[in-house]
file my_file_33.txt (compact mmCIF, C-alpha atoms)
# COMPACT_ATOMS: atom_id res chain seq x y z
CA MET J 1 69.59 76.84 120.23
CA PRO J 2 71.58 75.32 117.38
CA GLU J 3 70.42 78.04 114.98
CA GLY J 4 71.81 80.84 117.15
CA THR J 5 75.04 78.87 117.60
CA GLU J 6 75.28 78.47 113.86
CA GLN J 7 74.81 82.21 113.35
CA ARG J 8 77.43 83.07 115.93
CA ARG J 9 79.83 80.61 114.36
CA SER J 10 79.20 82.06 110.91
CA TYR J 11 79.64 85.60 112.23
CA ARG J 12 82.88 84.67 113.95
CA LYS J 13 84.18 83.01 110.80
CA GLY J 14 83.31 86.15 108.83
CA VAL J 15 85.21 88.35 111.27
CA GLU J 16 88.21 86.02 111.10
CA ARG J 17 88.13 85.95 107.30
CA ARG J 18 87.95 89.74 107.10
CA GLN J 19 90.86 89.93 109.51
CA GLN J 20 92.90 87.50 107.38
CA ILE J 21 92.25 89.61 104.31
CA LEU J 22 93.38 92.75 106.16
CA ASP J 23 96.53 90.90 107.33
CA HIS J 24 97.38 89.95 103.78
CA ALA J 25 96.60 93.38 102.41
CA ILE J 26 98.77 95.09 105.05
CA GLY J 27 101.61 92.77 104.10
CA LEU J 28 101.05 93.42 100.41
CA PHE J 29 100.95 97.22 100.77
CA ALA J 30 103.91 97.27 103.17
CA GLU J 31 105.96 95.32 100.65
CA ARG J 32 104.84 96.72 97.32
CA GLY J 33 102.98 99.90 98.11
CA VAL J 34 99.57 100.79 96.84
CA ASP J 35 100.66 101.44 93.28
CA GLY J 36 97.54 101.27 91.15
CA ALA J 37 95.86 98.93 93.61
CA SER J 38 92.35 97.99 92.55
CA LEU J 39 90.10 95.64 94.54
CA ARG J 40 90.69 93.08 91.81
CA SER J 41 94.48 93.35 91.76
CA VAL J 42 94.63 93.16 95.56
CA GLY J 43 92.41 90.06 95.46
CA ASP J 44 94.68 88.47 92.83
CA SER J 45 97.81 89.24 94.85
CA ILE J 46 96.54 87.80 98.12
CA GLY J 47 94.66 84.90 96.54
CA VAL J 48 91.12 86.02 97.36
CA SER J 49 88.39 86.07 94.73
CA HIS J 50 87.00 89.43 93.70
CA ALA J 51 83.54 88.33 94.91
CA ALA J 52 84.88 87.34 98.35
CA LEU J 53 86.74 90.63 98.65
CA ARG J 54 83.61 92.55 97.68
CA HIS J 55 81.73 90.71 100.41
CA TYR J 56 83.91 92.35 103.05
CA PHE J 57 84.90 95.62 101.38
CA SER J 58 82.43 97.41 99.17
CA SER J 59 85.04 99.47 97.32
CA ARG J 60 88.76 100.05 96.80
CA ASP J 61 88.50 103.12 99.02
CA GLU J 62 86.96 101.09 101.86
CA LEU J 63 89.70 98.46 101.61
CA LEU J 64 92.48 101.09 101.65
CA VAL J 65 90.93 102.93 104.59
CA GLU J 66 90.39 99.72 106.59
CA VAL J 67 93.93 98.50 105.88
CA TYR J 68 95.34 101.79 107.15
CA ARG J 69 93.02 101.87 110.16
CA GLU J 70 94.06 98.32 111.09
CA HIS J 71 97.76 99.13 110.63
CA GLU J 72 97.44 102.17 112.88
CA GLN J 73 95.53 100.32 115.57
CA ARG J 74 98.24 97.70 115.70
CA THR J 75 101.08 100.17 115.98
CA GLN J 76 99.64 103.21 117.63
CA ASP J 77 99.69 101.94 121.19
CA GLY J 78 102.61 104.30 121.31
CA GLU J 79 101.40 106.96 118.88
CA VAL J 80 101.17 109.72 121.48
CA PRO J 81 102.35 107.87 124.58
CA PRO J 82 101.23 109.50 127.82
CA ASP J 83 104.76 109.90 129.10
CA ARG J 84 106.18 111.58 125.99
CA GLY J 85 105.84 115.04 124.54
CA ALA J 86 103.99 115.83 121.33
CA VAL J 87 107.09 115.97 119.14
CA GLU J 88 108.73 112.84 120.53
CA GLY J 89 105.47 110.89 120.07
CA MET J 90 105.34 111.84 116.38
CA ALA J 91 109.05 111.13 115.93
CA ARG J 92 108.58 107.61 117.31
CA SER J 93 105.65 107.05 115.02
CA ALA J 94 107.82 108.17 112.09
CA ASP J 95 110.60 105.82 113.26
CA ARG J 96 108.15 102.92 113.09
CA ASN J 97 107.02 103.97 109.62
CA ARG J 98 110.59 103.84 108.28
CA VAL J 99 110.40 100.06 108.05
CA VAL J 100 107.09 100.07 106.15
CA PRO J 101 107.50 102.67 103.39
CA GLY J 102 104.58 101.07 101.53
CA LEU J 103 102.25 102.10 104.35
CA VAL J 104 103.61 105.64 104.36
CA GLN J 105 102.83 105.66 100.65
CA LEU J 106 99.32 104.32 101.42
CA TYR J 107 98.82 107.17 103.91
CA SER J 108 99.92 109.69 101.29
CA THR J 109 97.50 108.18 98.76
CA LEU J 110 94.64 108.35 101.27
CA THR J 111 95.46 111.98 102.08
CA SER J 112 95.59 112.94 98.43
CA ASP J 113 92.37 111.04 97.65
CA ALA J 114 90.72 112.80 100.61
CA LEU J 115 91.13 116.14 98.81
CA GLN J 116 89.10 114.92 95.84
CA ASP J 117 85.33 114.89 95.68
CA ARG J 118 85.03 111.38 94.39
CA HIS J 119 86.48 109.79 97.55
CA PRO J 120 83.94 110.79 100.26
CA LEU J 121 84.67 107.81 102.53
CA THR J 122 88.42 108.48 102.43
CA ARG J 123 87.80 112.16 103.07
CA GLU J 124 85.74 111.41 106.17
CA PHE J 125 88.36 109.00 107.50
CA ILE J 126 91.29 111.38 106.98
CA ARG J 127 89.36 114.40 108.25
CA GLU J 128 88.40 112.59 111.46
CA ARG J 129 91.92 111.27 111.85
CA PHE J 130 93.43 114.76 111.58
CA ALA J 131 90.87 116.14 114.05
CA ARG J 132 91.59 113.37 116.56
CA VAL J 133 95.38 113.58 116.33
CA ARG J 134 95.24 117.41 116.51
CA ASP J 135 93.18 117.17 119.71
CA GLU J 136 95.54 114.63 121.25
CA LEU J 137 98.63 116.67 120.45
CA ALA J 138 97.05 119.96 121.54
CA ALA J 139 96.25 118.37 124.91
CA LYS J 140 99.90 117.26 125.26
CA ILE J 141 101.12 120.72 124.38
CA ALA J 142 98.73 122.39 126.83
CA GLU J 143 100.05 119.99 129.47
CA GLY J 144 103.61 121.11 128.67
CA GLN J 145 102.47 124.71 129.02
CA ARG J 146 100.92 124.04 132.43
CA ALA J 147 104.17 122.38 133.47
CA GLY J 148 106.05 125.50 132.37
CA ARG J 149 108.10 123.70 129.69
CA ILE J 150 106.41 125.30 126.69
CA ALA J 151 105.96 129.05 126.23
CA ALA J 152 102.48 130.11 127.35
CA ASP J 153 101.92 132.27 124.27
CA VAL J 154 102.14 129.34 121.84
CA ASP J 155 98.66 128.43 120.58
CA ALA J 156 98.36 124.71 121.35
CA ALA J 157 96.02 124.02 118.41
CA ASP J 158 98.28 125.84 115.93
CA ALA J 159 101.29 123.97 117.28
CA ALA J 160 99.48 120.61 117.05
CA SER J 161 98.65 121.21 113.37
CA LEU J 162 102.27 122.19 112.79
CA VAL J 163 103.72 119.02 114.33
CA ILE J 164 101.39 116.76 112.32
CA ALA J 165 102.10 118.67 109.12
CA ALA J 166 105.84 118.50 109.67
CA SER J 167 105.73 114.78 110.32
CA ASP J 168 103.53 114.06 107.27
CA GLY J 169 105.52 116.30 104.94
CA LEU J 170 108.91 115.03 106.10
CA GLN J 171 107.92 111.43 105.49
CA VAL J 172 106.95 112.28 101.91
CA GLN J 173 110.30 114.00 101.30
CA TRP J 174 112.11 111.07 102.90
CA LEU J 175 110.31 108.51 100.71
CA LEU J 176 111.41 110.43 97.63
CA GLU J 177 115.01 111.05 98.72
CA PRO J 178 115.94 108.89 101.71
CA GLY J 179 119.54 110.10 101.70
CA ALA J 180 118.66 113.80 101.70
CA VAL J 181 116.07 113.93 104.49
CA ASP J 182 116.27 112.72 108.09
CA VAL J 183 112.74 112.76 109.46
CA ARG J 184 113.70 112.43 113.12
CA ARG J 185 116.44 115.06 113.06
CA SER J 186 114.20 117.59 111.31
CA LEU J 187 111.27 116.83 113.62
CA GLU J 188 113.46 117.18 116.67
CA LEU J 189 114.09 120.81 115.78
CA LEU J 190 110.50 121.28 116.95
CA GLU J 191 111.59 120.11 120.41
CA ARG J 192 113.21 123.52 120.81
CA LEU J 193 109.78 125.06 120.38
CA LEU J 194 107.80 122.38 122.19
CA PRO J 195 110.11 120.64 124.70
CA SER J 196 109.04 117.17 125.78
CA GLY J 197 110.42 117.60 129.26
CA ASP J 198 112.37 115.20 131.48
CA GLY J 199 115.06 115.04 128.84
CA GLU J 200 113.01 112.38 127.08
CA GLY J 201 112.81 114.18 123.77
CA GLY J 202 115.69 115.41 121.68
CA GLY J 203 118.36 113.27 120.15
CA MET U 1 114.45 132.09 53.09
CA PRO U 2 110.65 131.72 53.06
CA GLU U 3 110.96 128.16 54.27
CA GLY U 4 112.79 129.18 57.45
CA THR U 5 110.28 131.95 58.04
CA GLU U 6 107.46 129.47 57.67
CA GLN U 7 109.09 127.13 60.18
CA ARG U 8 109.63 129.91 62.68
CA ARG U 9 106.03 131.04 62.27
CA SER U 10 104.78 127.50 62.74
CA TYR U 11 107.00 127.04 65.80
CA ARG U 12 105.79 130.31 67.29
CA LYS U 13 102.18 129.33 66.69
CA GLY U 14 102.84 126.00 68.38
CA VAL U 15 104.33 127.70 71.43
CA GLU U 16 101.36 130.05 71.60
CA ARG U 17 98.86 127.22 71.30
CA ARG U 18 100.61 125.22 74.02
CA GLN U 19 100.55 128.30 76.22
CA GLN U 20 96.83 128.79 75.60
CA ILE U 21 96.18 125.20 76.59
CA LEU U 22 98.18 125.64 79.79
CA ASP U 23 96.23 128.85 80.55
CA HIS U 24 92.95 127.04 80.19
CA ALA U 25 94.11 124.03 82.18
CA ILE U 26 95.37 126.24 85.04
CA GLY U 27 91.98 127.95 85.12
CA LEU U 28 90.20 124.60 85.04
CA PHE U 29 92.25 123.07 87.85
CA ALA U 30 92.12 126.22 89.96
CA GLU U 31 88.35 126.21 89.70
CA ARG U 32 87.47 122.53 89.86
CA GLY U 33 90.57 120.74 91.07
CA VAL U 34 92.17 117.79 89.39
CA ASP U 35 89.45 115.33 90.37
CA GLY U 36 89.82 112.36 88.08
CA ALA U 37 91.35 114.51 85.36
CA SER U 38 92.28 112.50 82.28
CA LEU U 39 93.82 114.02 79.17
CA ARG U 40 90.48 113.44 77.45
CA SER U 41 88.32 115.06 80.16
CA VAL U 42 90.65 118.07 80.33
CA GLY U 43 90.44 118.39 76.55
CA ASP U 44 86.64 118.24 76.68
CA SER U 45 86.48 120.85 79.43
CA ILE U 46 88.71 123.38 77.71
CA GLY U 47 87.42 122.67 74.20
CA VAL U 48 90.58 121.13 72.77
CA SER U 49 90.49 117.86 70.86
CA HIS U 50 92.19 114.87 72.40
CA ALA U 51 94.51 114.67 69.38
CA ALA U 52 95.54 118.33 69.72
CA LEU U 53 96.18 117.89 73.43
CA ARG U 54 98.27 114.79 72.74
CA HIS U 55 100.31 116.83 70.27
CA TYR U 56 101.54 119.06 73.11
CA PHE U 57 101.40 116.72 76.11
CA SER U 58 102.20 113.08 75.70
CA SER U 59 100.41 111.95 78.88
CA ARG U 60 98.15 113.02 81.71
CA ASP U 61 101.21 113.15 83.97
CA GLU U 62 103.03 115.50 81.61
CA LEU U 63 100.03 117.83 81.42
CA LEU U 64 99.64 117.94 85.22
CA VAL U 65 103.36 118.56 85.74
CA GLU U 66 103.48 121.29 83.09
CA VAL U 67 100.38 122.99 84.47
CA TYR U 68 101.91 123.07 87.94
CA ARG U 69 105.30 124.21 86.64
CA GLU U 70 103.64 127.04 84.71
CA HIS U 71 101.54 128.06 87.72
CA GLU U 72 104.63 128.19 89.92
CA GLN U 73 106.66 130.14 87.42
CA ARG U 74 103.92 132.75 87.24
CA THR U 75 103.61 133.15 90.98
CA GLN U 76 106.99 132.32 92.38
CA ASP U 77 108.70 135.61 91.65
CA GLY U 78 108.21 135.99 95.35
CA GLU U 79 108.53 132.33 96.45
CA VAL U 80 111.65 132.86 98.53
CA PRO U 81 112.14 136.59 98.10
CA PRO U 82 115.69 137.73 98.79
CA ASP U 83 114.62 140.18 101.47
CA ARG U 84 112.54 137.70 103.49
CA GLY U 85 113.40 134.83 105.75
CA ALA U 86 112.74 131.18 104.97
CA VAL U 87 109.52 130.93 106.99
CA GLU U 88 108.02 134.21 105.79
CA GLY U 89 108.74 133.23 102.18
CA MET U 90 106.82 129.98 102.59
CA ALA U 91 104.01 131.71 104.46
CA ARG U 92 103.57 134.16 101.59
CA SER U 93 103.51 131.34 99.11
CA ALA U 94 100.81 129.64 101.22
CA ASP U 95 98.85 132.91 101.35
CA ARG U 96 98.84 133.00 97.56
CA ASN U 97 97.70 129.38 97.40
CA ARG U 98 94.64 130.10 99.56
CA VAL U 99 92.84 131.60 96.60
CA VAL U 100 93.56 128.63 94.32
CA PRO U 101 92.69 125.54 96.38
CA GLY U 102 92.44 123.52 93.17
CA LEU U 103 96.15 124.08 92.56
CA VAL U 104 97.02 123.06 96.12
CA GLN U 105 95.06 119.89 95.40
CA LEU U 106 96.99 119.46 92.14
CA TYR U 107 100.26 119.76 94.08
CA SER U 108 99.08 117.13 96.55
CA THR U 109 98.12 114.81 93.68
CA LEU U 110 101.54 115.27 92.07
CA THR U 111 103.29 114.57 95.37
CA SER U 112 101.27 111.43 95.98
CA ASP U 113 101.76 110.24 92.38
CA ALA U 114 105.49 110.86 92.78
CA LEU U 115 105.63 108.15 95.44
CA GLN U 116 104.30 105.54 93.03
CA ASP U 117 106.40 103.68 90.51
CA ARG U 118 104.07 104.19 87.60
CA HIS U 119 104.55 107.99 87.55
CA PRO U 120 108.29 108.38 86.79
CA LEU U 121 107.97 111.81 85.16
CA THR U 122 106.02 113.18 88.13
CA ARG U 123 108.54 111.64 90.53
CA GLU U 124 111.41 113.36 88.76
CA PHE U 125 109.63 116.72 88.77
CA ILE U 126 108.69 116.56 92.46
CA ARG U 127 112.07 115.23 93.50
CA GLU U 128 113.89 118.03 91.69
CA ARG U 129 111.46 120.58 93.08
CA PHE U 130 112.05 119.44 96.67
CA ALA U 131 115.82 119.45 96.13
CA ARG U 132 115.76 122.96 94.68
CA VAL U 133 113.47 124.46 97.34
CA ARG U 134 115.47 122.75 100.10
CA ASP U 135 118.66 124.30 98.74
CA GLU U 136 117.10 127.75 98.50
CA LEU U 137 115.73 127.64 102.03
CA ALA U 138 118.90 126.17 103.51
CA ALA U 139 120.85 129.08 101.99
CA LYS U 140 118.40 131.56 103.58
CA ILE U 141 118.74 129.84 106.93
CA ALA U 142 122.54 129.79 106.73
CA GLU U 143 122.36 133.52 105.94
CA GLY U 144 120.27 134.03 109.10
CA GLN U 145 122.88 132.10 111.06
CA ARG U 146 125.72 134.24 109.70
CA ALA U 147 123.71 137.32 110.68
CA GLY U 148 123.35 135.90 114.18
CA ARG U 149 119.54 135.71 114.06
CA ILE U 150 119.30 131.91 113.95
CA ALA U 151 121.02 129.59 116.44
CA ALA U 152 124.30 128.32 115.01
CA ASP U 153 123.60 124.72 116.10
CA VAL U 154 120.50 124.38 113.91
CA ASP U 155 121.30 122.24 110.85
CA ALA U 156 120.26 124.42 107.92
CA ALA U 157 119.36 121.45 105.68
CA ASP U 158 117.23 119.79 108.40
CA ALA U 159 115.48 123.08 109.06
CA ALA U 160 114.83 123.63 105.34
CA SER U 161 113.16 120.21 105.04
CA LEU U 162 111.10 121.01 108.12
CA VAL U 163 109.80 124.32 106.79
CA ILE U 164 108.78 122.79 103.45
CA ALA U 165 107.15 119.81 105.16
CA ALA U 166 105.22 122.06 107.53
CA SER U 167 104.00 124.23 104.70
CA ASP U 168 102.93 121.26 102.55
CA GLY U 169 101.27 119.40 105.41
CA LEU U 170 99.44 122.44 106.75
CA GLN U 171 97.95 123.22 103.36
CA VAL U 172 96.55 119.68 103.15
CA GLN U 173 94.98 119.97 106.61
CA TRP U 174 93.60 123.39 105.70
CA LEU U 175 92.02 122.12 102.47
CA LEU U 176 90.22 119.42 104.45
CA GLU U 177 89.12 121.64 107.35
CA PRO U 178 89.53 125.32 106.52
CA GLY U 179 87.97 126.41 109.81
CA ALA U 180 90.23 124.28 111.99
CA VAL U 181 93.64 125.11 110.54
CA ASP U 182 95.34 128.46 109.97
CA VAL U 183 98.34 127.82 107.75
CA ARG U 184 100.03 131.16 108.36
CA ARG U 185 99.61 131.18 112.13
CA SER U 186 100.96 127.63 112.44
CA LEU U 187 103.85 128.35 110.08
CA GLU U 188 104.73 131.51 111.97
CA LEU U 189 105.48 129.42 115.04
CA LEU U 190 108.58 128.41 113.10
CA GLU U 191 109.66 132.06 113.15
CA ARG U 192 110.57 131.51 116.80
CA LEU U 193 113.04 128.87 115.66
CA LEU U 194 114.14 130.55 112.45
CA PRO U 195 113.62 134.32 112.81
CA SER U 196 113.33 136.25 109.56
CA GLY U 197 115.04 139.30 110.96
CA ASP U 198 114.22 143.02 110.61
CA GLY U 199 110.81 142.34 112.09
CA GLU U 200 109.63 141.36 108.64
CA GLY U 201 108.39 137.94 109.63
CA GLY U 202 105.95 137.08 112.34
CA GLY U 203 102.35 138.20 112.54

call {"tool": "encode", "arguments": {"input": "my_file_33.txt", "output": "structure tokens"}}
result
Amino acid sequence: MPEGTEQRRSYRKGVERRQQILDHAIGLFAERGVDGASLRSVGDSIGVSHAALRHYFSSRDELLVEVYREHEQRTQDGEVPPDRGAVEGMARSADRNRVVPGLVQLYSTLTSDALQDRHPLTREFIRERFARVRDELAAKIAEGQRAGRIAADVDAADAASLVIAASDGLQVQWLLEPGAVDVRRSLELLERLLPSGDGEGGG
Amino acid sequence: MPEGTEQRRSYRKGVERRQQILDHAIGLFAERGVDGASLRSVGDSIGVSHAALRHYFSSRDELLVEVYREHEQRTQDGEVPPDRGAVEGMARSADRNRVVPGLVQLYSTLTSDALQDRHPLTREFIRERFARVRDELAAKIAEGQRAGRIAADVDAADAASLVIAASDGLQVQWLLEPGAVDVRRSLELLERLLPSGDGEGGG
């Protein structure tokens, strides 16, 4: 079946090409941030024609979302590691972000776009992401409550929202004034409220 | 000195006109958000010519910053009220914001713009705002430490950054999923860490 082989080969090449573009875009955003990025300017910067870019990403929003999704998939093996508490997991994620301020800026752009009606795809991505991370953290916190580390009268869902919010907000303040804000130290104050257990959290 | 009188009258009229424009823009943003707002579209919406708008605000960024500054000045009499703790002050501010989601969205846009090089005026405004609010909250927290309500080994500056971050981040999550996030309840968890004293904080 040479035709089927040909199709598979073409499909595989397409997947590889899309992946290459994401690689380049992650590098570009990590280095320079997302400042005024249009599909065209991203294409120019990574040496891909506008038409080729449009073949894989139908809009600027789709490209930004896919770049961030790819970045997170690569790094989030440890996002909320099973052996860490909710706060320590977020603090480690923030530690990793310190070296790629451009991607923290991309996340902030996505979050801000998500609040505006004309970015429905971004809104869906960010909304689902918040819901997923809230669920993961709430499960961690409930686990800590069952283990007797975290006060039973803390609402796990409220606390999960709080930890995410603190982490997001601290990274924004840090980007603007790196010398005035220490993301990890501020986040670790939440360990007093939501201890990780086993002495793994805390500084 | 009729000439001086004339100048004063003209100046006063200018101040009034600028104020009227800010009034209208606050109303517009509160109602519809800042979605894709350009100087021209704002002018169209509030019935002011582009030229007149440009006379008072030299750019879209300046208009957005001045609208937010004006909004805050009008509402912040109570931002960090002297008789409340740091957390309760922020919770009250968030309560007020609930009724003007468009202005929370404007704040998020300003914060995201501030991270990008091409918005220097916005960056300066947001940076100064963070620095000022951090100082105010850190002073409150230090006061709580002197009064023996807050643990002496909490770093007041770290805690101030945390409270602001939590408040900012929670409002974003709430805007995206009002049913899933309760800003005040989540923020009040921080009362356990940073008690307001006199039973004024907490729910």

call {"tool": "closest_atom_pairs", "arguments": {"input": "my_file_33.txt", "of": "segment 14-113 of chain J", "to": "segment 181-201 of chain J", "cutoff": "6 Å", "atoms": "all atoms listed in the file", "output": "CSV"}}
result
residue,atom,partner,partner_atom,distance
J:Gly85,CA,J:Ser196,CA,4.0
J:Glu88,CA,J:Gly201,CA,5.4
J:Ala91,CA,J:Arg184,CA,5.6

call {"tool": "write_last_selection", "arguments": {"input": "my_file_33.txt", "atoms": "C-alpha atoms", "output": "PDB file, in the coordinates of the input"}}
result
ATOM      1  CA  GLY J  85     105.840 115.040 124.540  1.00  0.00           C
ATOM      2  CA  GLU J  88     108.730 112.840 120.530  1.00  0.00           C
ATOM      3  CA  ALA J  91     109.050 111.130 115.930  1.00  0.00           C
TER       4      ALA J  91
END

call {"tool": "closest_residue", "arguments": {"input": "my_file_33.txt", "among": "U:Ser38, U:Phe125, U:Glu6, U:Leu22", "to": "His50 of chain U", "atoms": "only C-alpha atoms"}}
result
U:Ser38

call {"tool": "interface_residues", "arguments": {"input": "my_file_33.txt", "of": "chain U", "to": "chain J", "cutoff": "7 Å", "atoms": "only C-alpha atoms", "output": "list in words"}}
result
Asp35, Gln105, Ser108, Thr109, Ser112, Leu115, Gln116, Asp117, Arg127, Asp158, Ala159, Ser161, Leu162, Ala165, Ala166, Asp168, Gly169, Leu170, Leu176, Val181, Arg185, Ser186, Leu187 and Leu193 of chain U

call {"tool": "atom_distance", "arguments": {"input": "my_file_33.txt", "atom1": "atom CA of Glu136 of chain U", "atom2": "atom CA of Gln73 of chain U"}}
result
15.4 Å

call {"tool": "atom_distance", "arguments": {"input": "my_file_33.txt", "atom1": "atom CA of Glu66 of chain U", "atom2": "atom CA of Gln7 of chain U"}}
result
24.3 Å

call {"tool": "atom_distance", "arguments": {"input": "my_file_33.txt", "atom1": "atom CA of Asp95 of chain J", "atom2": "atom CA of Asp135 of chain U"}}
result
24.8 Å

call {"tool": "residues_around", "arguments": {"input": "my_file_33.txt", "residues": "Gln19 of chain U", "least_positions_apart": "6", "cutoff": "12 Å", "atoms": "only C-alpha atoms", "output": "NGL selection string"}}
result
:U and (12-13 or 25-26 or 53 or 56-57 or 63 or 66-67 or 70-71)

call {"tool": "axis_aligned_box", "arguments": {"input": "my_file_33.txt", "around": "segment 108-123 of chain J", "padding_each_side": "5 Å", "output": "lines of an AutoDock Vina configuration file"}}
result
center_x = 91.9
center_y = 112.0
center_z = 98.7
size_x = 26.0
size_y = 18.3
size_z = 18.7
